[in-house]
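Reproduced below: model_10.csv, with CSV, C-alpha atoms.
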```csv
chain,number,residue,atom,x,y,z
A,1,MET,CA,123.1,60.9,108.3
A,2,LYS,CA,123.4,63.7,110.9
A,3,ARG,CA,126.3,65.3,109.0
A,4,THR,CA,124.5,65.0,105.6
A,5,LEU,CA,121.3,66.7,107.0
A,6,ARG,CA,123.4,69.5,108.5
A,7,ILE,CA,125.3,70.0,105.2
A,8,LEU,CA,122.0,70.0,103.3
A,9,ALA,CA,120.6,72.6,105.7
A,10,LEU,CA,123.6,74.8,105.1
A,11,VAL,CA,123.4,74.4,101.4
A,12,VAL,CA,119.7,75.3,101.3
A,13,ALA,CA,120.2,78.3,103.5
A,14,LEU,CA,123.2,79.6,101.6
A,15,ALA,CA,121.5,79.0,98.2
A,16,ALA,CA,118.3,80.8,99.2
A,17,VAL,CA,120.2,83.8,100.6
A,18,SER,CA,122.5,83.9,97.5
A,19,VAL,CA,119.5,83.8,95.1
A,20,TRP,CA,117.6,86.4,97.1
A,21,LEU,CA,120.6,88.7,97.2
A,22,ALA,CA,121.5,88.2,93.5
A,23,THR,CA,118.0,89.1,92.4
A,24,GLY,CA,117.9,92.4,94.2
A,25,ALA,CA,117.1,91.4,97.8
A,26,SER,CA,113.4,92.4,97.4
A,27,ARG,CA,111.8,93.1,100.8
A,28,GLY,CA,108.3,92.6,99.3
A,29,TRP,CA,106.5,89.4,98.3
A,30,THR,CA,107.8,87.0,95.6
A,31,ARG,CA,106.9,88.2,92.1
A,32,THR,CA,106.6,86.0,89.0
A,33,SER,CA,106.3,88.9,86.5
A,34,ALA,CA,108.0,92.2,86.1
A,35,PRO,CA,106.6,95.4,84.5
A,36,VAL,CA,108.2,96.7,81.4
A,37,LYS,CA,107.4,100.2,80.4
A,38,THR,CA,107.1,101.3,76.8
A,39,VAL,CA,106.4,104.8,75.4
A,40,ASP,CA,104.0,105.2,72.5
A,41,GLN,CA,105.7,107.7,70.2
A,42,VAL,CA,102.5,109.2,68.9
A,43,THR,CA,100.5,109.8,72.0
A,44,GLY,CA,103.4,110.0,74.5
A,45,LEU,CA,101.5,107.5,76.7
A,46,GLU,CA,103.5,105.1,78.9
A,47,GLY,CA,102.3,101.5,78.4
A,48,ILE,CA,103.0,98.7,80.8
A,49,GLU,CA,103.7,95.1,79.7
A,50,TYR,CA,104.6,92.3,82.0
A,51,ARG,CA,107.3,89.8,81.2
A,52,LYS,CA,107.7,86.5,83.1
A,53,GLN,CA,110.4,86.8,85.7
A,54,PHE,CA,111.0,85.2,89.1
A,55,LEU,CA,111.9,87.7,91.7
A,56,PRO,CA,112.1,86.0,95.1
A,57,GLY,CA,110.8,88.0,98.0
A,58,VAL,CA,110.9,87.7,101.8
A,59,ASP,CA,108.4,84.9,101.7
A,60,PHE,CA,110.8,82.8,99.6
A,61,LEU,CA,113.7,83.6,101.9
A,62,ALA,CA,111.7,82.8,105.0
A,63,GLY,CA,110.4,79.6,103.5
A,64,ALA,CA,113.9,78.4,102.5
A,65,LEU,CA,115.4,79.3,105.9
A,66,LEU,CA,112.6,77.6,107.7
A,67,GLY,CA,113.2,74.5,105.5
A,68,ALA,CA,116.9,74.7,106.4
A,69,ALA,CA,116.1,75.0,110.1
A,70,PHE,CA,113.8,72.0,109.8
A,71,LEU,CA,116.6,70.0,108.2
A,72,GLY,CA,119.1,71.1,110.9
A,73,GLY,CA,116.6,70.2,113.6
A,74,ALA,CA,116.0,66.8,112.0
A,75,SER,CA,119.7,66.1,112.2
A,76,LEU,CA,119.4,66.3,116.0
A,77,LEU,CA,117.2,63.1,115.9
A,78,PHE,CA,120.2,61.1,114.8
A,79,GLY,CA,122.8,60.2,117.3
A,80,ASN,CA,126.6,60.6,116.9
A,81,LYS,CA,128.4,57.6,115.4
A,82,THR,CA,130.1,55.6,118.1
A,83,LYS,CA,133.7,55.3,117.4
A,84,THR,CA,135.0,51.7,117.5
A,85,GLN,CA,138.2,51.2,119.2
A,86,HIS,CA,140.6,48.6,118.1
B,87,MET,CA,81.6,124.1,33.6
B,88,LYS,CA,82.6,127.5,35.2
B,89,LYS,CA,79.4,127.4,37.3
B,90,THR,CA,80.2,123.9,38.5
B,91,LEU,CA,83.7,124.9,39.4
B,92,LEU,CA,82.5,128.0,41.3
B,93,ALA,CA,79.9,125.8,43.1
B,94,LEU,CA,82.6,123.3,44.1
B,95,ILE,CA,84.9,126.1,45.4
B,96,GLY,CA,82.0,127.6,47.4
B,97,LEU,CA,81.1,124.2,48.8
B,98,THR,CA,84.7,123.6,49.9
B,99,ALA,CA,85.0,127.0,51.5
B,100,LEU,CA,81.7,126.4,53.4
B,101,THR,CA,82.9,123.0,54.5
B,102,ASN,CA,86.1,124.6,55.9
B,103,LEU,CA,84.2,127.3,57.7
B,104,ALA,CA,81.7,125.0,59.2
B,105,PRO,CA,82.3,124.3,62.9
B,106,ALA,CA,83.8,121.0,63.7
B,107,ALA,CA,81.3,118.4,64.8
B,108,PRO,CA,81.7,116.4,68.0
B,109,GLN,CA,83.6,113.2,67.3
B,110,THR,CA,83.3,109.9,69.0
B,111,PHE,CA,86.5,108.3,70.1
B,112,ASP,CA,86.8,104.6,70.5
B,113,PHE,CA,89.1,103.6,73.4
B,114,LYS,CA,89.6,100.0,72.5
B,115,ASP,CA,93.3,100.2,71.9
B,116,PRO,CA,94.7,97.9,69.2
B,117,LYS,CA,98.2,98.6,70.5
B,118,GLY,CA,97.4,97.7,74.1
B,119,VAL,CA,99.0,100.8,75.5
B,120,ASN,CA,96.0,102.1,77.3
B,121,ASN,CA,96.3,101.4,81.0
B,122,ILE,CA,95.3,102.4,84.5
B,123,VAL,CA,97.9,102.0,87.3
B,124,PHE,CA,96.7,101.5,90.9
B,125,LYS,CA,98.9,102.1,93.9
B,126,LEU,CA,98.2,101.4,97.6
B,127,ASP,CA,100.8,102.7,100.0
B,128,ALA,CA,100.1,101.1,103.4
B,129,LEU,CA,102.3,101.4,106.4
B,130,LEU,CA,103.7,97.8,106.2
B,131,GLU,CA,103.3,97.1,102.5
B,132,ALA,CA,103.1,98.9,99.2
B,133,THR,CA,101.1,97.4,96.4
B,134,GLN,CA,101.1,98.4,92.8
B,135,GLY,CA,99.5,97.0,89.7
B,136,SER,CA,97.8,97.9,86.5
B,137,ALA,CA,94.9,97.0,84.2
B,138,ASN,CA,94.9,97.2,80.4
B,139,GLY,CA,91.5,95.8,79.4
B,140,ILE,CA,90.0,99.2,78.7
B,141,THR,CA,87.2,99.9,76.3
B,142,GLY,CA,84.5,102.6,75.9
B,143,SER,CA,83.9,105.7,74.0
B,144,VAL,CA,84.1,109.5,74.5
B,145,THR,CA,82.4,112.2,72.5
B,146,PHE,CA,84.6,115.2,72.2
B,147,ASP,CA,84.2,118.5,70.3
B,148,PRO,CA,87.5,120.3,69.7
B,149,GLU,CA,85.5,123.5,69.4
B,150,ASN,CA,83.8,123.0,72.7
B,151,PRO,CA,85.6,120.5,75.0
B,152,ALA,CA,83.3,121.4,77.9
B,153,LEU,CA,80.6,119.2,76.3
B,154,THR,CA,82.9,116.1,76.5
B,155,LYS,CA,81.0,113.0,77.6
B,156,GLY,CA,81.5,109.3,77.6
B,157,LYS,CA,82.0,106.1,79.4
B,158,LEU,CA,85.2,104.1,80.0
B,159,VAL,CA,85.1,100.4,81.0
B,160,VAL,CA,87.9,98.4,82.6
B,161,ALA,CA,87.6,94.6,82.5
B,162,ALA,CA,88.1,93.8,86.2
B,163,ALA,CA,89.9,90.5,85.3
B,164,SER,CA,92.6,92.5,83.5
B,165,LEU,CA,93.9,93.9,86.9
B,166,HIS,CA,97.4,92.5,87.4
B,167,VAL,CA,99.8,92.5,90.3
B,168,PRO,CA,103.2,90.8,90.0
B,169,ASN,CA,102.6,88.4,92.9
B,170,PRO,CA,100.4,85.5,91.8
B,171,MET,CA,98.8,84.8,95.2
B,172,MET,CA,98.0,88.5,95.6
B,173,LYS,CA,96.4,88.5,92.2
B,174,GLU,CA,94.3,85.5,93.1
B,175,HIS,CA,93.1,87.3,96.2
B,176,LEU,CA,92.5,90.6,94.3
B,177,HIS,CA,90.3,88.8,91.8
B,178,GLY,CA,88.5,86.7,94.5
B,179,GLY,CA,85.2,87.2,96.3
B,180,GLN,CA,86.5,89.1,99.3
B,181,TRP,CA,88.2,91.8,97.1
B,182,LEU,CA,86.9,92.6,93.6
B,183,ASP,CA,85.0,89.4,92.8
B,184,VAL,CA,85.7,89.7,89.1
B,185,ALA,CA,83.6,86.7,88.3
B,186,LYS,CA,80.5,88.5,89.5
B,187,TYR,CA,81.5,92.1,88.8
B,188,THR,CA,83.2,91.9,85.5
B,189,ASP,CA,83.4,95.6,84.8
B,190,ILE,CA,84.7,98.7,86.5
B,191,THR,CA,83.1,101.7,84.8
B,192,PHE,CA,83.3,105.5,84.8
B,193,GLU,CA,80.6,107.5,83.1
B,194,THR,CA,80.9,111.3,82.8
B,195,LYS,CA,78.2,113.7,83.9
B,196,GLU,CA,79.8,117.0,83.3
B,197,LEU,CA,83.1,118.9,83.0
B,198,LYS,CA,83.9,121.8,85.3
B,199,ASN,CA,86.7,124.4,85.4
B,200,VAL,CA,87.4,123.7,81.7
B,201,LYS,CA,90.5,125.5,80.4
B,202,THR,CA,91.7,125.0,76.8
B,203,SER,CA,95.0,126.1,75.4
B,204,GLY,CA,95.6,125.0,71.8
B,205,ASP,CA,95.0,121.2,71.6
B,206,GLN,CA,95.2,120.8,75.4
B,207,THR,CA,92.3,120.9,77.7
B,208,THR,CA,92.3,120.6,81.5
B,209,ALA,CA,89.1,120.2,83.5
B,210,ASP,CA,87.5,118.5,86.5
B,211,VAL,CA,85.2,115.7,85.4
B,212,LEU,CA,82.2,114.8,87.5
B,213,GLY,CA,81.0,111.3,86.9
B,214,THR,CA,79.9,108.0,88.3
B,215,LEU,CA,82.5,105.4,89.2
B,216,THR,CA,81.2,101.9,89.6
B,217,ILE,CA,83.4,99.2,91.3
B,218,LYS,CA,82.1,95.9,92.6
B,219,GLY,CA,78.6,97.0,91.9
B,220,VAL,CA,78.8,100.1,94.0
B,221,ALA,CA,78.3,103.4,92.1
B,222,LYS,CA,79.7,106.6,93.6
B,223,GLU,CA,79.9,110.1,92.2
B,224,ILE,CA,83.4,111.4,92.1
B,225,THR,CA,85.3,114.4,90.7
B,226,ALA,CA,88.7,113.9,89.1
B,227,PRO,CA,91.1,116.2,87.3
B,228,ILE,CA,91.6,115.3,83.7
B,229,LYS,CA,93.9,116.4,80.9
B,230,LEU,CA,92.7,116.0,77.3
B,231,SER,CA,95.1,116.2,74.4
B,232,TYR,CA,93.4,116.4,70.9
B,233,LEU,CA,95.8,115.1,68.3
B,234,LYS,CA,94.3,116.0,64.9
B,235,ASN,CA,95.2,113.7,62.0
B,236,LYS,CA,97.5,111.6,64.1
B,237,LEU,CA,95.6,108.3,63.9
B,238,GLY,CA,97.4,107.3,60.7
B,239,GLN,CA,100.8,107.5,62.5
B,240,ARG,CA,99.5,105.1,65.1
B,241,VAL,CA,97.4,102.8,63.0
B,242,PRO,CA,98.6,102.6,59.4
B,243,ASN,CA,96.0,102.9,56.6
B,244,LEU,CA,93.6,104.7,58.9
B,245,LYS,CA,92.8,108.5,58.8
B,246,GLY,CA,91.5,110.3,61.7
B,247,ASP,CA,92.2,111.9,65.1
B,248,LEU,CA,93.3,110.8,68.5
B,249,LEU,CA,92.2,111.9,71.9
B,250,VAL,CA,94.5,111.3,74.8
B,251,ILE,CA,93.1,111.4,78.3
B,252,ARG,CA,95.2,111.4,81.5
B,253,SER,CA,94.0,111.6,85.0
B,254,THR,CA,95.3,110.9,88.5
B,255,PHE,CA,93.0,110.7,91.4
B,256,THR,CA,92.4,108.9,94.7
B,257,ILE,CA,89.5,106.7,95.9
B,258,LYS,CA,88.8,104.8,99.0
B,259,ARG,CA,88.3,101.0,98.8
B,260,SER,CA,86.0,101.2,101.8
B,261,ASP,CA,83.6,103.4,99.8
B,262,PHE,CA,83.2,100.6,97.2
B,263,GLY,CA,83.0,97.7,99.6
B,264,ILE,CA,86.4,96.2,98.6
B,265,ASN,CA,87.2,94.1,101.6
B,266,PRO,CA,86.6,97.0,104.1
B,267,ALA,CA,87.6,94.7,107.0
B,268,ALA,CA,91.1,94.2,105.7
B,269,PRO,CA,93.8,95.8,108.0
B,270,GLN,CA,94.7,99.2,106.7
B,271,ASP,CA,98.3,98.9,107.8
B,272,LYS,CA,98.8,96.1,105.3
B,273,VAL,CA,96.4,97.3,102.6
B,274,SER,CA,95.8,101.0,102.4
B,275,ASP,CA,92.3,102.3,102.3
B,276,GLU,CA,93.3,104.9,99.8
B,277,ILE,CA,93.9,103.8,96.2
B,278,GLU,CA,95.7,106.1,93.8
B,279,LEU,CA,94.6,105.6,90.3
B,280,ALA,CA,96.5,107.0,87.2
B,281,LEU,CA,94.6,106.7,83.9
B,282,SER,CA,96.5,106.9,80.6
B,283,VAL,CA,94.4,106.2,77.6
B,284,ALA,CA,94.1,107.2,73.9
B,285,GLY,CA,91.0,106.9,71.8
B,286,ALA,CA,90.7,107.0,68.0
B,287,ALA,CA,88.1,108.6,65.8
B,288,ALA,CA,88.5,107.3,62.2
B,289,ARG,CA,87.3,109.2,59.2
```
What is this structure when it is put down as structure tokens?
Amino acid sequence: MKRTLRILALVVALAAVSVWLATGASRGWTRTSAPVKTVDQVTGLEGIEYRKQFLPGVDFLAGALLGAAFLGGASLLFGNKTKTQH
Amino acid sequence: MKKTLLALIGLTALTNLAPAAPQTFDFKDPKGVNNIVFKLDALLEATQGSANGITGSVTFDPENPALTKGKLVVAAASLHVPNPMMKEHLHGGQWLDVAKYTDITFETKELKNVKTSGDQTTADVLGTLTIKGVAKEITAPIKLSYLKNKLGQRVPNLKGDLLVIRSTFTIKRSDFGINPAAPQDKVSDEIELALSVAGAAAR
């Protein structure tokens, strides 16, 4: 159990960091939409539309790392397996 | 027949010589391009968003742009920021309270320092900006572009003119009672607004 929790903690931490880095390592808050700019050919005005897109921010990273730390901490509650000697 | 023809030619000539009358431009944009961008650049955090629920009308006389007057209305609920929690707070009672104060309005009083070159006019517009029920007189630089006979290119089957208005100016959220207690290192007191709108006057 102890080992499983530690592996799980490592997986959560690595996955969170990988996703955060892969999506641009945003140092702002998590965004669920991204602006798309369009130019109106007649007026020359720049319009803004939002498309749904998940961009994790530092709150996502902090939450995931906190979760991983919690899992790692929980693993300490379990003792080591006692080796049986034959 | 000859007299009728002469009368018609005379009438046409008079119509062409007559000064252009002021036109009323409707700013409800069927293409959804009209927008206002807001930026808050605080020490710890920068916030940027936009609103596109813009309506209103402006009366503009190409022969005398100084007489331009009108009112633009922004639906407060159309303000959008990419973070959903931030958007919820922005629309909430502490910030804009969009349920109670549904509209943000700007009504012109007069134009100053009007300079016209061709179809382009620049000026300083004095008017009343109302946010969250607080009305305050402000002056903002504007650029007006009169696009004669261009409506058909934007909205097929319609004839008429377009009026493009651009303006960038700064306001203080504390002046309008927008959560004045919020820490300024996280949410800047100064809000930069950039307005980009086009209105149509059909014939």
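For the choices A:Thr30, A:Thr4, A:Thr23, A:Gln53, the atom-to-atom distance to chain B is smallest for A:Thr30 when using all atoms listed in the file.
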Inset, instruction - Could you tell me which of A:Leu5, A:Ala22, A:Leu65, A:Ile48 comes closest to Val283 in chain B if we count only C-alpha atoms? - result: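 Once distances to Val283 in chain B are computed over only C-alpha atoms, the minimum belongs to A:Ile48.
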Inset, instruction - Find the spatial neighbours of Ile7 in chain A, counting only C-alpha atoms, within a cut-off of 10 Å - ignore same-chain residues fewer than 6 positions away - and output them as JSON, numbers by chain. - result: {"A": [1, 13, 68, 71, 72, 75]}
Legend entry - Coordinates-based distance that separates CA of Ala161 in chain B from CA of Ala209 in chain B (Å, one decimal): 25.7 Å
Inset, instruction - May I have the residues of chain A within 6 Å of chain B, counting all atoms listed in the file, written as a PyMOL selection string? - result: chain A and resi 31-33+47
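Taking CA of Phe262 in chain B and CA of Ile190 in chain B as the two end points, the separation is 11.0 Å.
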Inset, instruction - Between CA of Lys2 in chain A and CA of Gly63 in chain A, measure the distance and give it in Å to one decimal. - result: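 A separation of 21.8 Å between them.
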Inset, instruction - Return the single residue from B:Gln134, B:Thr188, B:Val144, B:His175 that is closest to Val160 in chain B, with distances computed using all atoms listed in the file. - result: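 Looking at the shortest contact to Val160 in chain B, the residue is B:Thr188.
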Legend entry - For Ile277 in chain B: contacts at 8 Å, all atoms listed in the file, fewer than 3 positions along chain excluded, given as a list in words: Phe124, Lys125, Leu126, Asp127, Thr256, Ile257, Lys258, Arg259 and Ser274 of chain B
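Only residues having an atom at most 10 Å from (86.4, 90.4, 99.0) are included; using all atoms listed in the file, these are His175, Leu176, His177, Gly178, Gly179, Gln180, Trp181, Leu182, Asp183, Val184, Lys218, Gly263, Ile264, Asn265, Pro266, Ala267 and Ala268 of chain B.
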Legend entry - Closest of B:Lys201, B:Lys234, B:Lys173, B:Lys222 to Trp29 in chain A - atom-to-atom distances counting all atoms listed in the file: B:Lys173
Legend entry - Option closest in space to Lys195 in chain B, from B:Pro116, B:Gly219, B:Pro151, B:Gly156 [counting all atoms listed in the file]: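 Looking at the shortest contact to Lys195 in chain B, the residue is B:Gly156.
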Legend entry - Neighbour list for Glu223 in chain B as a ChimeraX atom specification, cut-off 7 Å, all atoms listed in the file, skip fewer than 2 positions in-chain: /B:213-215,221
Inset, instruction - Could you tell me which of B:Gln270, B:Ser203, B:Ser143, B:Thr208 comes closest to Ala226 in chain B if we count all atoms listed in the file? - result: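 Answer, going by the shortest atom-to-atom distance: B:Thr208.
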Legend entry - Arg27 in chain A environment, 10 Å, all atoms listed in the file, sequence neighbours closer than 3 positions dropped, as a VMD selection string: (chain A and resid 20 24 30 56 to 59 61) or (chain B and resid 131)
Inset, instruction - Show me as a PyMOL selection string the residues that reach within 9 Å of (81.7, 108.5, 74.2), counting all atoms listed in the file and using the file's own coordinates. - result: chain B and resi 109-113+142-146+154-158
